[in-house]
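Engineer: What follows is model15.cif; its format and atoms are mmCIF, C-alpha atoms.
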```cif
data_upload
#
loop_
_atom_site.label_atom_id
_atom_site.label_comp_id
_atom_site.auth_asym_id
_atom_site.auth_seq_id
_atom_site.Cartn_x
_atom_site.Cartn_y
_atom_site.Cartn_z
CA MET A 1210 165.40 145.21 -64.22
CA SER A 1211 168.24 146.36 -61.99
CA ARG A 1212 166.12 147.80 -59.18
CA LEU A 1213 162.53 147.07 -58.16
CA SER A 1214 160.62 149.37 -55.82
CA ALA A 1215 156.95 148.96 -56.79
CA VAL A 1216 154.54 146.62 -58.54
CA LEU A 1217 151.58 148.11 -60.42
CA PHE A 1218 148.77 145.80 -61.46
CA ASP A 1219 146.00 146.15 -63.99
CA ARG A 1220 142.67 145.36 -62.34
CA ASP A 1221 140.23 143.50 -64.60
CA GLY A 1222 141.56 140.26 -66.03
CA THR A 1223 144.73 140.52 -63.95
CA LEU A 1224 143.69 140.74 -60.30
CA VAL A 1225 139.94 140.24 -60.55
CA ALA A 1226 137.67 138.46 -63.00
CA ASP A 1227 136.80 140.75 -65.89
CA VAL A 1228 133.12 141.68 -65.62
CA PRO A 1229 132.61 144.34 -68.33
CA TYR A 1230 131.74 147.73 -66.87
CA ASN A 1231 131.18 146.26 -63.43
CA GLY A 1232 129.70 148.66 -60.90
CA ASP A 1233 128.66 146.06 -58.32
CA PRO A 1234 131.13 145.24 -55.52
CA ASP A 1235 129.36 141.93 -54.92
CA ARG A 1236 130.51 140.71 -58.35
CA VAL A 1237 134.20 141.14 -57.57
CA ARG A 1238 136.05 137.80 -57.67
CA LEU A 1239 139.80 137.47 -57.31
CA LEU A 1240 141.75 135.53 -59.91
CA PRO A 1241 143.97 132.65 -58.75
CA GLY A 1242 147.27 133.88 -57.35
CA ALA A 1243 146.19 137.54 -57.22
CA ALA A 1244 146.17 138.03 -53.47
CA ALA A 1245 149.35 135.98 -53.10
CA ALA A 1246 151.07 138.18 -55.71
CA VAL A 1247 150.19 141.32 -53.77
CA ALA A 1248 151.22 139.70 -50.48
CA LEU A 1249 154.55 138.57 -51.91
CA ALA A 1250 155.37 142.07 -53.16
CA ARG A 1251 154.43 143.56 -49.79
CA ALA A 1252 156.49 140.97 -47.92
CA HIS A 1253 159.57 142.16 -49.79
CA GLY A 1254 158.96 145.81 -48.98
CA LEU A 1255 157.62 146.84 -52.37
CA ALA A 1256 154.95 149.45 -52.86
CA THR A 1257 151.84 148.19 -54.66
CA GLY A 1258 149.17 149.83 -56.75
CA VAL A 1259 146.50 149.37 -59.40
CA VAL A 1260 146.35 151.31 -62.68
CA SER A 1261 143.18 150.68 -64.64
CA ASN A 1262 141.24 152.02 -67.63
CA GLN A 1263 137.59 152.52 -66.68
CA SER A 1264 136.02 154.08 -69.76
CA GLY A 1265 132.58 152.99 -68.58
CA ILE A 1266 132.52 156.33 -66.79
CA GLY A 1267 133.20 158.29 -69.96
CA ARG A 1268 130.74 156.14 -71.87
CA GLY A 1269 127.99 156.84 -69.33
CA LEU A 1270 127.77 153.20 -68.23
CA LEU A 1271 129.29 153.65 -64.76
CA THR A 1272 129.59 156.35 -62.15
CA THR A 1273 132.82 157.31 -60.45
CA ASP A 1274 131.32 156.24 -57.13
CA GLN A 1275 130.58 152.76 -58.50
CA VAL A 1276 134.19 152.36 -59.58
CA HIS A 1277 135.37 153.52 -56.17
CA ARG A 1278 133.16 150.95 -54.46
CA VAL A 1279 134.34 148.11 -56.72
CA ASN A 1280 137.94 149.14 -56.10
CA GLU A 1281 137.37 149.23 -52.36
CA ARG A 1282 135.94 145.71 -52.40
CA ALA A 1283 138.85 144.44 -54.47
CA ASP A 1284 141.30 146.18 -52.14
CA GLU A 1285 139.68 144.48 -49.16
CA LEU A 1286 139.94 141.04 -50.77
CA LEU A 1287 143.54 141.64 -51.83
CA GLY A 1288 144.70 142.69 -48.38
CA GLY A 1289 145.26 146.35 -49.18
CA LEU A 1290 147.34 148.08 -51.87
CA ASP A 1291 149.01 151.45 -51.53
CA THR A 1292 147.29 153.32 -54.35
CA TRP A 1293 144.45 152.86 -56.84
CA LEU A 1294 144.32 154.98 -59.98
CA PHE A 1295 142.01 154.78 -62.95
CA CYS A 1296 141.39 156.59 -66.21
CA PRO A 1297 137.71 157.54 -66.51
CA HIS A 1298 137.86 158.74 -70.10
CA ALA A 1299 136.35 157.25 -73.25
CA PRO A 1300 138.85 155.93 -75.82
CA ASP A 1301 138.39 158.91 -78.13
CA ALA A 1302 138.92 161.54 -75.41
CA GLY A 1303 142.62 161.97 -76.22
CA CYS A 1304 143.63 161.97 -72.54
CA ALA A 1305 147.16 161.31 -71.32
CA CYS A 1306 146.12 158.71 -68.75
CA ARG A 1307 144.41 155.99 -70.77
CA LYS A 1308 146.73 153.03 -71.30
CA PRO A 1309 148.75 152.52 -73.52
CA ARG A 1310 149.65 156.13 -72.71
CA PRO A 1311 151.91 156.44 -69.66
CA GLY A 1312 149.93 158.88 -67.52
CA LEU A 1313 148.63 156.38 -64.97
CA ILE A 1314 152.07 154.84 -64.50
CA HIS A 1315 153.68 158.23 -63.96
CA ARG A 1316 151.01 159.28 -61.48
CA ALA A 1317 151.18 156.02 -59.53
CA ALA A 1318 154.97 156.19 -59.33
CA ALA A 1319 154.80 159.77 -58.09
CA ARG A 1320 152.27 158.90 -55.40
CA LEU A 1321 154.35 155.95 -54.27
CA GLY A 1322 157.50 158.05 -54.26
CA VAL A 1323 159.46 155.82 -56.66
CA PRO A 1324 160.92 156.38 -60.15
CA PRO A 1325 158.88 154.85 -62.99
CA ALA A 1326 161.98 152.90 -64.02
CA GLU A 1327 161.75 151.00 -60.72
CA CYS A 1328 158.16 149.90 -61.34
CA LEU A 1329 156.92 146.56 -62.64
CA VAL A 1330 153.57 146.78 -64.47
CA ILE A 1331 151.53 143.57 -64.79
CA GLY A 1332 148.52 143.32 -67.08
CA ASP A 1333 146.65 141.08 -69.46
CA ILE A 1334 146.68 143.10 -72.69
CA ALA A 1335 149.19 144.90 -74.89
CA ALA A 1336 148.10 148.31 -73.62
CA ASP A 1337 149.45 147.45 -70.16
CA VAL A 1338 152.90 146.49 -71.46
CA LEU A 1339 153.01 149.45 -73.85
CA ALA A 1340 152.02 151.89 -71.11
CA ALA A 1341 154.87 150.54 -69.00
CA ARG A 1342 157.33 151.01 -71.86
CA ALA A 1343 156.13 154.53 -72.53
CA ALA A 1344 156.63 155.40 -68.87
CA GLY A 1345 160.09 153.88 -68.71
CA ALA A 1346 158.89 150.99 -66.53
CA ARG A 1347 158.96 147.26 -67.19
CA GLY A 1348 155.79 145.51 -68.35
CA VAL A 1349 154.80 141.87 -68.10
CA LEU A 1350 151.86 140.34 -69.95
CA VAL A 1351 149.74 137.81 -68.06
CA PRO A 1352 147.47 136.54 -70.83
CA ASN A 1353 144.05 135.03 -70.33
CA ALA A 1354 141.33 133.67 -72.61
CA ALA A 1355 140.38 137.19 -73.69
CA THR A 1356 143.92 138.29 -74.61
CA ALA A 1357 144.31 138.61 -78.38
CA PRO A 1358 146.51 135.81 -79.82
CA GLU A 1359 148.66 138.33 -81.66
CA GLU A 1360 149.38 140.06 -78.36
CA VAL A 1361 150.37 136.76 -76.75
CA ARG A 1362 152.81 136.15 -79.61
CA ARG A 1363 154.12 139.71 -79.60
CA PHE A 1364 155.01 139.65 -75.91
CA ALA A 1365 155.96 135.99 -75.59
CA THR A 1366 159.32 136.90 -74.06
CA GLU A 1367 157.74 139.43 -71.69
CA SER A 1368 154.99 137.27 -70.23
CA ALA A 1369 154.10 135.07 -67.26
CA PRO A 1370 151.28 132.59 -66.67
CA ASP A 1371 149.88 134.55 -63.72
CA ALA A 1372 150.53 137.60 -61.56
CA LEU A 1373 152.21 135.60 -58.79
CA THR A 1374 154.75 134.11 -61.20
CA ALA A 1375 155.41 137.56 -62.65
CA VAL A 1376 156.16 139.00 -59.22
CA ARG A 1377 158.36 136.05 -58.27
CA ALA A 1378 160.39 136.36 -61.46
CA ALA A 1379 160.85 140.12 -61.05
CA LEU A 1380 161.98 139.71 -57.44
CA PHE A 1381 164.49 137.08 -58.47
CA GLU A 1382 165.85 139.22 -61.30
CA ALA A 1383 166.17 142.20 -58.95
CA GLY A 1384 168.22 140.12 -56.52
CA PHE A 1385 165.72 139.70 -53.71
CA PRO A 1386 166.39 136.63 -51.53
CA ALA A 1387 164.03 133.73 -50.88
CA VAL A 1388 161.33 134.44 -53.44
CA GLY A 1389 160.33 130.87 -54.12
CA ARG A 1390 157.12 130.97 -52.14
CA ALA A 1391 154.44 133.50 -51.43
CA PRO A 1392 154.05 134.39 -47.75
CA ALA A 1393 150.51 133.05 -47.64
CA PRO A 1394 147.89 131.49 -49.93
CA ASP A 1395 145.05 133.56 -51.39
CA THR A 1396 142.72 132.39 -48.65
CA ALA A 1397 145.02 133.61 -45.89
CA VAL A 1398 146.55 136.91 -46.93
CA PRO A 1399 148.33 138.58 -43.98
CA ALA A 1400 146.19 141.22 -42.34
CA ARG A 1401 147.04 144.79 -43.15
CA ALA A 1402 145.64 148.04 -41.92
CA PRO A 1403 143.78 150.11 -44.50
CA SER A 1404 146.02 152.28 -46.66
CA PRO A 1405 146.53 155.78 -45.23
CA VAL A 1406 146.24 157.22 -48.73
CA PRO A 1407 142.94 159.16 -48.99
CA ARG A 1408 140.20 157.54 -51.02
CA ALA A 1409 140.32 160.30 -53.63
CA ALA A 1410 143.99 159.59 -54.14
CA ARG A 1411 143.60 155.82 -54.21
CA SER A 1412 140.92 155.74 -56.88
CA ALA A 1413 141.28 158.23 -59.66
CA GLY A 1414 140.75 152.83 -65.79
CA ARG A 1415 140.87 149.09 -68.61
CA ARG A 1416 140.30 147.23 -71.79
CA SER A 1417 136.55 147.41 -71.49
CA GLY A 1418 137.70 150.48 -69.82
#
```
Translate the structure of the given file into structure tokens.
Structural biologist:
Amino acid sequence: MSRLSAVLFDRDGTLVADVPYNGDPDRVRLLPGAAAAVALARAHGLATGVVSNQSGIGRGLLTTDQVHRVNERADELLGGLDTWLFCPHAPDAGCACRKPRPGLIHRAAARLGVPPAECLVIGDIAADVLAARAAGARGVLVPNAATAPEEVRRFATESAPDALTAVRAALFEAGFPAVGRAPAPDTAVPARAPSPVPRAARSAGRRSG
């Protein structure tokens, strides 16, 4: 990508351990490299956000407030991202925001004030990469044990072993200097004041989603 202004992450299976339909903030656990990936993007002046399918709301398994509280706990552990967006609809709702449709990417880019083409989208399933493509952004697959083997093969040339490596590679390709190391390990993410974006704007998606 020629220019990089923002990094958008999937939530479950990419930044935090995937607990299906999780509504309990106490069950939020960061994945290795997640906080460092966010910190590295921030250190290079990039906007950051989360775009997530959360169909548990549409299925009646979660409330919107539960998703907000889980997101707020994840945001705290990650050191603070600039926006959190999620699709609350069930898969058969036909909405424009459920990945692989591009609605969440477009909305996040608009809130961050950057063109979709200058966004990197990192996720662990095909829907994340396809949503990025549909929005005109770049997608990177970070597979895990739950990622379908055919998806791993399909996106073999558009993948990274973890979110931190994906951010590092994108920074290098965009011409940012000194991207070899994250600014701090996961256990010591630089302090950051809470995002000024209102809660309603920060949380408004995922596979189980």
Engineer: Find the distance between atom CA of A:Arg1347 and atom CA of A:Cys1328 and write it in Å to one decimal.
Structural biologist: 6.5 Å
Engineer: Selection in question (the file shown): the PyMOL selection byres ((chain A and resi 1322) around 12). Which residues does it include, as a PDB file with C-alpha atoms, keeping the file's coordinate frame?
Structural biologist:
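As a result, part_17.pdb now contains:
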```pdb
ATOM      1  CA  SER A1214     160.620 149.370 -55.820  1.00  0.00           C
ATOM      2  CA  ALA A1215     156.950 148.960 -56.790  1.00  0.00           C
ATOM      3  CA  LEU A1255     157.620 146.840 -52.370  1.00  0.00           C
ATOM      4  CA  ALA A1256     154.950 149.450 -52.860  1.00  0.00           C
ATOM      5  CA  THR A1257     151.840 148.190 -54.660  1.00  0.00           C
ATOM      6  CA  GLY A1258     149.170 149.830 -56.750  1.00  0.00           C
ATOM      7  CA  ASP A1291     149.010 151.450 -51.530  1.00  0.00           C
ATOM      8  CA  THR A1292     147.290 153.320 -54.350  1.00  0.00           C
ATOM      9  CA  HIS A1315     153.680 158.230 -63.960  1.00  0.00           C
ATOM     10  CA  ARG A1316     151.010 159.280 -61.480  1.00  0.00           C
ATOM     11  CA  ALA A1317     151.180 156.020 -59.530  1.00  0.00           C
ATOM     12  CA  ALA A1318     154.970 156.190 -59.330  1.00  0.00           C
ATOM     13  CA  ALA A1319     154.800 159.770 -58.090  1.00  0.00           C
ATOM     14  CA  ARG A1320     152.270 158.900 -55.400  1.00  0.00           C
ATOM     15  CA  LEU A1321     154.350 155.950 -54.270  1.00  0.00           C
ATOM     16  CA  VAL A1323     159.460 155.820 -56.660  1.00  0.00           C
ATOM     17  CA  PRO A1324     160.920 156.380 -60.150  1.00  0.00           C
ATOM     18  CA  PRO A1325     158.880 154.850 -62.990  1.00  0.00           C
ATOM     19  CA  ALA A1326     161.980 152.900 -64.020  1.00  0.00           C
ATOM     20  CA  GLU A1327     161.750 151.000 -60.720  1.00  0.00           C
ATOM     21  CA  CYS A1328     158.160 149.900 -61.340  1.00  0.00           C
TER      22      CYS A1328
END
```
Engineer: Looking at only C-alpha atoms, which of A:Gly1332, A:Pro1309, A:Gly1269, A:Pro1300 is the one that sits closest to A:Leu1224?
Structural biologist: A:Gly1332
Engineer: Go through the shown structure with the PyMOL selection byres ((chain A and resi 1212) around 6) and write out the matching residues as an NGL selection string.
Structural biologist: :A and (1210-1211 or 1213 or 1327 or 1383)
Engineer: So the first atom is atom CA of A:Ser1264 and the second is atom CA of A:Ala1365; what is the distance between them in Å, to one decimal place?
Structural biologist: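 Between atom CA of A:Ser1264 and atom CA of A:Ala1365 the gap works out to 27.5 Å.
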Engineer: Within 12 Å of A:Asp1333, counting only C-alpha atoms, which residues show up once you throw out same-chain ones fewer than 6 positions away? Write them as a PyMOL selection string, please.
Structural biologist: chain A and resi 1218-1227+1261+1339+1348-1358+1360-1361+1364+1367-1372+1375+1415-1416
Engineer: Rank A:Leu1294, A:Ile1334, A:Val1216, A:Ala1343 by their smallest atom-to-atom distance to A:His1253, using all atoms listed in the file, and report the top residue only.
Structural biologist: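 Result for the nearest residue to A:His1253: A:Val1216.
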Engineer: Name the residues that the PyMOL selection byres ((chain A and resi 1238) around 12) pulls out of this structure, and write them as JSON, numbers by chain.
Structural biologist: {"A": [1220, 1221, 1222, 1223, 1224, 1225, 1226, 1227, 1228, 1231, 1233, 1234, 1235, 1236, 1237, 1239, 1240, 1241, 1242, 1243, 1244, 1279, 1280, 1282, 1283, 1284, 1285, 1286, 1287, 1395]}
Engineer: In Å, how far is it from atom CA of A:Pro1229 to atom CA of A:Arg1342?
Structural biologist: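 Taking atom CA of A:Pro1229 as the start and atom CA of A:Arg1342 as the end point, the length is 25.8 Å.
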Engineer: Could you tell me which of A:Ile1314, A:Ala1246, A:Cys1296, A:Val1259 comes closest to A:Thr1273 if we count all atoms listed in the file?
Structural biologist: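 Counting all atoms listed in the file, the residue closest to A:Thr1273 is A:Cys1296.
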Engineer: Determine the nearest neighbour of A:Leu1271 from the options A:Lys1308, A:Ala1299, A:Ala1248, A:Tyr1230, counting all atoms listed in the file.
Structural biologist: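 Among the listed residues, A:Tyr1230 lies closest to A:Leu1271.
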Engineer: Considering all atoms listed in the file, state which residue in the set A:Ala1344, A:Leu1249, A:Ala1305, A:Val1338 is at the smallest distance from A:Leu1290.
Structural biologist: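 Ranked by minimum distance to A:Leu1290, first place goes to A:Leu1249.
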